[in-house]
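One file, structure30.pdb, is given below (PDB, C-alpha atoms).
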```
ATOM      1  CA  MET A   1       0.000   0.000   0.000
ATOM      2  CA  ASN A   2       1.375   3.410  -0.958
ATOM      3  CA  ARG A   3       0.674   5.835   1.876
ATOM      4  CA  PHE A   4       1.245   9.572   1.599
ATOM      5  CA  GLU A   5       3.332  10.916   4.477
ATOM      6  CA  ILE A   6       1.797  13.960   6.161
ATOM      7  CA  PRO A   7       4.595  16.133   7.534
ATOM      8  CA  THR A   8       4.723  17.133  11.174
ATOM      9  CA  VAL A   9       5.668  20.582  12.383
ATOM     10  CA  ARG A  10       6.768  21.346  15.931
ATOM     11  CA  THR A  11       6.483  24.796  17.467
ATOM     12  CA  GLU A  12       7.386  25.926  20.959
ATOM     13  CA  ARG A  13       4.140  24.558  22.428
ATOM     14  CA  LEU A  14       2.429  22.605  19.653
ATOM     15  CA  LEU A  15       2.769  19.610  17.379
ATOM     16  CA  LEU A  16       0.985  19.902  14.035
ATOM     17  CA  ARG A  17       0.388  16.378  12.759
ATOM     18  CA  ALA A  18      -1.951  14.080  10.837
ATOM     19  CA  PHE A  19      -5.322  13.291  12.366
ATOM     20  CA  ARG A  20      -5.434   9.915  14.151
ATOM     21  CA  ASP A  21      -8.280   7.628  15.156
ATOM     22  CA  ASP A  22      -7.741   8.531  18.797
ATOM     23  CA  ASP A  23      -8.472  12.221  18.019
ATOM     24  CA  LEU A  24     -12.114  11.398  17.317
ATOM     25  CA  ASP A  25     -13.540  11.958  20.807
ATOM     26  CA  ALA A  26     -11.912  15.366  21.239
ATOM     27  CA  PHE A  27     -12.547  16.413  17.630
ATOM     28  CA  ALA A  28     -16.193  15.341  17.804
ATOM     29  CA  ALA A  29     -16.627  17.258  21.072
ATOM     30  CA  MET A  30     -15.126  20.361  19.454
ATOM     31  CA  CYS A  31     -17.428  19.988  16.419
ATOM     32  CA  ALA A  32     -20.460  19.582  18.706
ATOM     33  CA  ASP A  33     -19.759  22.859  20.537
ATOM     34  CA  PRO A  34     -22.022  25.621  19.141
ATOM     35  CA  ASP A  35     -19.605  28.354  20.275
ATOM     36  CA  VAL A  36     -16.741  26.739  18.334
ATOM     37  CA  MET A  37     -18.811  26.055  15.216
ATOM     38  CA  ARG A  38     -20.605  29.423  15.148
ATOM     39  CA  TYR A  39     -18.375  30.827  12.400
ATOM     40  CA  ILE A  40     -17.571  27.595  10.555
ATOM     41  CA  GLY A  41     -19.573  27.088   7.349
ATOM     42  CA  ALA A  42     -23.262  27.548   8.076
ATOM     43  CA  GLY A  43     -22.543  27.591  11.819
ATOM     44  CA  ASP A  44     -24.023  24.163  12.453
ATOM     45  CA  THR A  45     -22.589  21.623  14.844
ATOM     46  CA  VAL A  46     -21.833  18.165  13.483
ATOM     47  CA  ASP A  47     -22.302  14.732  14.982
ATOM     48  CA  ARG A  48     -19.621  12.140  15.700
ATOM     49  CA  ASN A  49     -20.002  10.407  12.320
ATOM     50  CA  ALA A  50     -19.641  13.672  10.396
ATOM     51  CA  ALA A  51     -16.655  14.588  12.566
ATOM     52  CA  TRP A  52     -14.961  11.312  11.605
ATOM     53  CA  ARG A  53     -15.642  11.944   7.906
ATOM     54  CA  THR A  54     -14.194  15.441   8.290
ATOM     55  CA  MET A  55     -11.002  14.072   9.877
ATOM     56  CA  ALA A  56     -10.683  11.526   7.061
ATOM     57  CA  GLY A  57     -11.214  14.317   4.518
ATOM     58  CA  PHE A  58      -8.489  16.427   6.084
ATOM     59  CA  ASN A  59      -5.994  13.546   5.846
ATOM     60  CA  GLY A  60      -7.156  12.775   2.295
ATOM     61  CA  HIS A  61      -6.648  16.409   1.255
ATOM     62  CA  TRP A  62      -2.940  15.943   1.986
ATOM     63  CA  SER A  63      -2.799  12.919  -0.288
ATOM     64  CA  LEU A  64      -4.652  14.613  -3.152
ATOM     65  CA  ARG A  65      -3.154  18.117  -2.925
ATOM     66  CA  GLY A  66       0.139  17.720  -1.063
ATOM     67  CA  PHE A  67      -1.011  20.069   1.714
ATOM     68  CA  GLY A  68      -3.902  20.265   4.140
ATOM     69  CA  MET A  69      -5.117  20.615   7.711
ATOM     70  CA  TRP A  70      -3.156  19.366  10.679
ATOM     71  CA  ALA A  71      -4.464  18.238  14.019
ATOM     72  CA  ILE A  72      -3.042  20.434  16.784
ATOM     73  CA  GLU A  73      -1.556  18.593  19.741
ATOM     74  CA  ARG A  74      -0.481  20.559  22.808
ATOM     75  CA  LEU A  75       3.010  19.384  23.717
ATOM     76  CA  SER A  76       2.651  19.932  27.457
ATOM     77  CA  ASP A  77      -0.013  17.236  27.863
ATOM     78  CA  GLY A  78      -0.506  15.586  24.451
ATOM     79  CA  ALA A  79      -4.088  16.872  24.214
ATOM     80  CA  PHE A  80      -5.827  17.420  20.889
ATOM     81  CA  ILE A  81      -6.870  21.107  20.882
ATOM     82  CA  GLY A  82      -7.932  21.898  17.307
ATOM     83  CA  ARG A  83      -6.945  22.098  13.674
ATOM     84  CA  VAL A  84      -4.841  24.423  11.545
ATOM     85  CA  GLY A  85      -3.519  24.384   8.030
ATOM     86  CA  LEU A  86      -4.432  24.801   4.395
ATOM     87  CA  HIS A  87      -7.656  24.115   2.530
ATOM     88  CA  HIS A  88      -8.209  24.194  -1.231
ATOM     89  CA  PRO A  89     -10.589  21.596  -2.658
ATOM     90  CA  PRO A  90     -11.538  22.084  -6.333
ATOM     91  CA  TYR A  91     -14.676  24.081  -5.507
ATOM     92  CA  TRP A  92     -12.841  26.545  -3.194
ATOM     93  CA  PRO A  93     -11.931  29.925  -4.742
ATOM     94  CA  ALA A  94      -8.375  30.202  -3.334
ATOM     95  CA  LEU A  95      -5.799  28.544  -1.136
ATOM     96  CA  GLU A  96      -6.983  29.219   2.415
ATOM     97  CA  ALA A  97      -5.131  29.212   5.716
ATOM     98  CA  GLY A  98      -7.529  28.385   8.507
ATOM     99  CA  TRP A  99      -7.713  27.445  12.175
ATOM    100  CA  VAL A 100     -10.292  26.179  14.645
ATOM    101  CA  LEU A 101      -9.595  25.530  18.303
ATOM    102  CA  ALA A 102     -11.566  23.838  21.045
ATOM    103  CA  ARG A 103     -13.066  26.415  23.368
ATOM    104  CA  ASP A 104     -10.824  25.519  26.327
ATOM    105  CA  ALA A 105      -7.807  26.318  24.105
ATOM    106  CA  TRP A 106      -8.976  29.850  23.297
ATOM    107  CA  GLY A 107      -7.014  32.832  24.583
ATOM    108  CA  HIS A 108      -3.603  31.150  24.865
ATOM    109  CA  GLY A 109      -2.112  32.193  21.522
ATOM    110  CA  TYR A 110      -2.289  28.664  20.077
ATOM    111  CA  ALA A 111      -4.155  29.755  16.927
ATOM    112  CA  LYS A 112      -1.533  32.365  16.111
ATOM    113  CA  GLU A 113       1.327  29.966  16.887
ATOM    114  CA  GLY A 114      -0.123  27.184  14.737
ATOM    115  CA  ALA A 115      -1.106  29.505  11.900
ATOM    116  CA  ALA A 116       2.351  31.126  11.887
ATOM    117  CA  ALA A 117       3.891  27.663  11.523
ATOM    118  CA  THR A 118       1.446  26.951   8.689
ATOM    119  CA  LEU A 119       2.452  30.161   6.901
ATOM    120  CA  ALA A 120       6.142  29.332   7.284
ATOM    121  CA  HIS A 121       5.489  25.853   5.866
ATOM    122  CA  VAL A 122       3.491  27.165   2.894
ATOM    123  CA  ARG A 123       6.157  29.753   2.057
ATOM    124  CA  ARG A 124       8.677  26.915   1.733
ATOM    125  CA  ALA A 125       6.405  24.382  -0.009
ATOM    126  CA  LEU A 126       4.208  26.673  -2.168
ATOM    127  CA  PRO A 127       6.059  29.995  -2.418
ATOM    128  CA  ALA A 128       4.143  31.479  -5.357
ATOM    129  CA  GLN A 129       0.640  30.795  -4.064
ATOM    130  CA  ARG A 130      -1.817  33.551  -3.112
ATOM    131  CA  LEU A 131      -2.943  32.723   0.403
ATOM    132  CA  VAL A 132      -6.127  33.992   2.016
ATOM    133  CA  SER A 133      -8.215  33.478   5.116
ATOM    134  CA  TYR A 134     -11.999  33.632   4.800
ATOM    135  CA  ILE A 135     -13.474  34.961   8.034
ATOM    136  CA  GLN A 136     -17.156  35.400   8.723
ATOM    137  CA  PRO A 137     -18.322  38.824   9.938
ATOM    138  CA  GLY A 138     -18.363  38.947  13.723
ATOM    139  CA  ASN A 139     -15.505  36.469  14.194
ATOM    140  CA  GLU A 140     -13.203  39.022  15.782
ATOM    141  CA  ARG A 141     -10.944  36.369  17.336
ATOM    142  CA  SER A 142      -9.987  35.091  13.883
ATOM    143  CA  VAL A 143      -9.636  38.622  12.521
ATOM    144  CA  ARG A 144      -7.122  39.375  15.297
ATOM    145  CA  VAL A 145      -5.159  36.206  14.481
ATOM    146  CA  ALA A 146      -5.082  37.033  10.751
ATOM    147  CA  GLN A 147      -3.968  40.610  11.422
ATOM    148  CA  ALA A 148      -1.321  39.479  13.913
ATOM    149  CA  LEU A 149       0.077  37.309  11.112
ATOM    150  CA  GLY A 150       0.237  40.321   8.794
ATOM    151  CA  ALA A 151      -2.858  39.598   6.693
ATOM    152  CA  VAL A 152      -4.718  42.579   5.267
ATOM    153  CA  PHE A 153      -8.431  42.985   4.622
ATOM    154  CA  ASP A 154      -9.223  42.636   0.913
ATOM    155  CA  GLY A 155     -12.998  42.995   0.793
ATOM    156  CA  GLN A 156     -16.100  40.897   1.128
ATOM    157  CA  ALA A 157     -17.010  37.724  -0.748
ATOM    158  CA  ASP A 158     -19.663  35.055  -0.890
ATOM    159  CA  LEU A 159     -18.278  31.631  -0.033
ATOM    160  CA  MET A 160     -20.779  28.960  -0.982
ATOM    161  CA  GLY A 161     -23.692  31.085   0.204
ATOM    162  CA  THR A 162     -21.967  32.449   3.308
ATOM    163  CA  PRO A 163     -20.748  36.061   3.462
ATOM    164  CA  VAL A 164     -17.084  36.275   4.416
ATOM    165  CA  GLN A 165     -14.348  38.846   4.810
ATOM    166  CA  VAL A 166     -11.230  38.085   2.768
ATOM    167  CA  TYR A 167      -7.850  38.566   4.437
ATOM    168  CA  VAL A 168      -4.778  38.190   2.212
ATOM    169  CA  HIS A 169      -1.521  36.961   3.702
ATOM    170  CA  GLY A 170       1.487  38.806   2.263
TER     171      GLY A 170
END
```

What's the structure tokens form of this structure?
Amino acid sequence: MNRFEIPTVRTERLLLRAFRDDDLDAFAAMCADPDVMRYIGAGDTVDRNAAWRTMAGFNGHWSLRGFGMWAIERLSDGAFIGRVGLHHPPYWPALEAGWVLARDAWGHGYAKEGAAATLAHVRRALPAQRLVSYIQPGNERSVRVAQALGAVFDGQADLMGTPVQVYVHG
């Protein structure tokens, strides 16, 4: 069997790695939290089965595109705390850098740390790519992360029926 190797990236406090079966409980709990999911897609929570399919899709994206979303593991305790990375399926308008953290991981700088590592990785692996973050209006936490990473507001767009703000990473 030919298996695509998903790279790992270590930061000061985080390990960005492939999703594993044992992430399912924590990932499903994150996806079932309405506060976490409020600004993701249509804002709906997803059940355990959909969470598993999402994890499988993230790992498959790596195989098909050579980049994708990582699971975020906190190094201090090995806990799964969210996802960060790149997203660009064929129906998506541009290469997107995105992040979602479990609510108990909010406010610690993990999103910025993981997203900064993602940007550094993409600059090495895909240097000529235009990179954006699509952020729904009202999601000020994500706006602050994007701006802290140097992204600039580039207008509004409609993303599959959802209004978003476009932030371009320089």

Using only C-alpha atoms, tabulate the residues of segment 34-80 of chain A lying at most 12 Å from any atom of segment 141-144 of chain A, each with its closest atom pair and that distance in Å to one decimal, by chain and increasing residue number, as CSV.
```
residue,atom,partner,partner_atom,distance
A:Val36,CA,A:Arg141,CA,11.3
A:Tyr39,CA,A:Ser142,CA,9.5
A:Ile40,CA,A:Ser142,CA,11.2
```

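Shortest atom-to-atom contact with Ile72 of chain A among A:Thr45, A:Gln165, A:Thr54, A:Thr11: A:Thr11, counting all atoms listed in the file.
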
Assuming the chain letters and numbering stay as they are in my file, what does the PyMOL selection byres ((chain A and resi 83-98) around 7) actually select? List them as a PyMOL selection string. chain A and resi 67-72+82+99-101+114-115+118+130-133

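Taken over the whole file, the PyMOL selection byres ((chain A and resi 13) around 12) covers exactly Val9, Arg10, Thr11, Glu12, Leu14, Leu15, Leu16, Ile72, Glu73, Arg74, Leu75, Ser76, Asp77, Gly78, Ala79, Ile81, His108, Gly109, Tyr110, Ala111, Lys112, Glu113, Gly114 and Ala117 of chain A.
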
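For the pair atom CA of Asp154 of chain A and atom CA of Ala105 of chain A, the interatomic distance is 28.4 Å.
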
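The coordinates place atom CA of Thr8 of chain A at 18.8 Å from atom CA of Leu24 of chain A.
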
Determine the residue set returned by the PyMOL selection byres ((chain A and resi 169) around 7) for the present structure, and present it as an MDAnalysis selection string. chainID A and resid 131:132 150:152 167:168 170

Write the residues of the preceding selection, restricted to C-alpha atoms, as a tab-separated table (two decimals), keeping the file's coordinate frame.
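Saved to out16.tsv:
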```tsv
chain	number	residue	atom	x	y	z
A	131	LEU	CA	-2.94	32.72	0.40
A	132	VAL	CA	-6.13	33.99	2.02
A	150	GLY	CA	0.24	40.32	8.79
A	151	ALA	CA	-2.86	39.60	6.69
A	152	VAL	CA	-4.72	42.58	5.27
A	167	TYR	CA	-7.85	38.57	4.44
A	168	VAL	CA	-4.78	38.19	2.21
A	170	GLY	CA	1.49	38.81	2.26
```

Let me know the centre plus edge lengths, in Å and rounded to one decimal, of a box with edges along x, y and z that contains all listed atoms of segment 85-89 of chain A and is padded by 6 Å on every side, as AutoDock Vina command-line options.
```
--center_x -7.1 --center_y 23.2 --center_z 2.7 --size_x 19.1 --size_y 15.2 --size_z 22.7
```

Nearest to Arg38 of chain A, restricted to all atoms listed in the file and choosing among A:Leu159, A:Ile135, A:Gln147, A:Arg65, comes out as A:Ile135

Kindly extract all protein, DNA and RNA residues lying within 12 Å of the coordinates (5.4, 11.4, 2.3) given in the file, considering all atoms listed in the file, and supply them as number ranges by chain. A: 2-8, 18, 62-64, 66-67

Keeping only C-alpha atoms, write those residues as a CSV table (one decimal), keeping the file's coordinate frame.
```csv
chain,number,residue,atom,x,y,z
A,2,ASN,CA,1.4,3.4,-1.0
A,3,ARG,CA,0.7,5.8,1.9
A,4,PHE,CA,1.2,9.6,1.6
A,5,GLU,CA,3.3,10.9,4.5
A,6,ILE,CA,1.8,14.0,6.2
A,7,PRO,CA,4.6,16.1,7.5
A,8,THR,CA,4.7,17.1,11.2
A,18,ALA,CA,-2.0,14.1,10.8
A,62,TRP,CA,-2.9,15.9,2.0
A,63,SER,CA,-2.8,12.9,-0.3
A,64,LEU,CA,-4.7,14.6,-3.2
A,66,GLY,CA,0.1,17.7,-1.1
A,67,PHE,CA,-1.0,20.1,1.7
```

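Note that the spacing between atom CA of Asp22 of chain A and atom CA of Arg48 of chain A amounts to 12.8 Å.
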
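Using only C-alpha atoms, the smallest distance between any of A:Ala148, A:Phe80, A:Gln136, A:His121 and Gly161 of chain A comes from A:Gln136.
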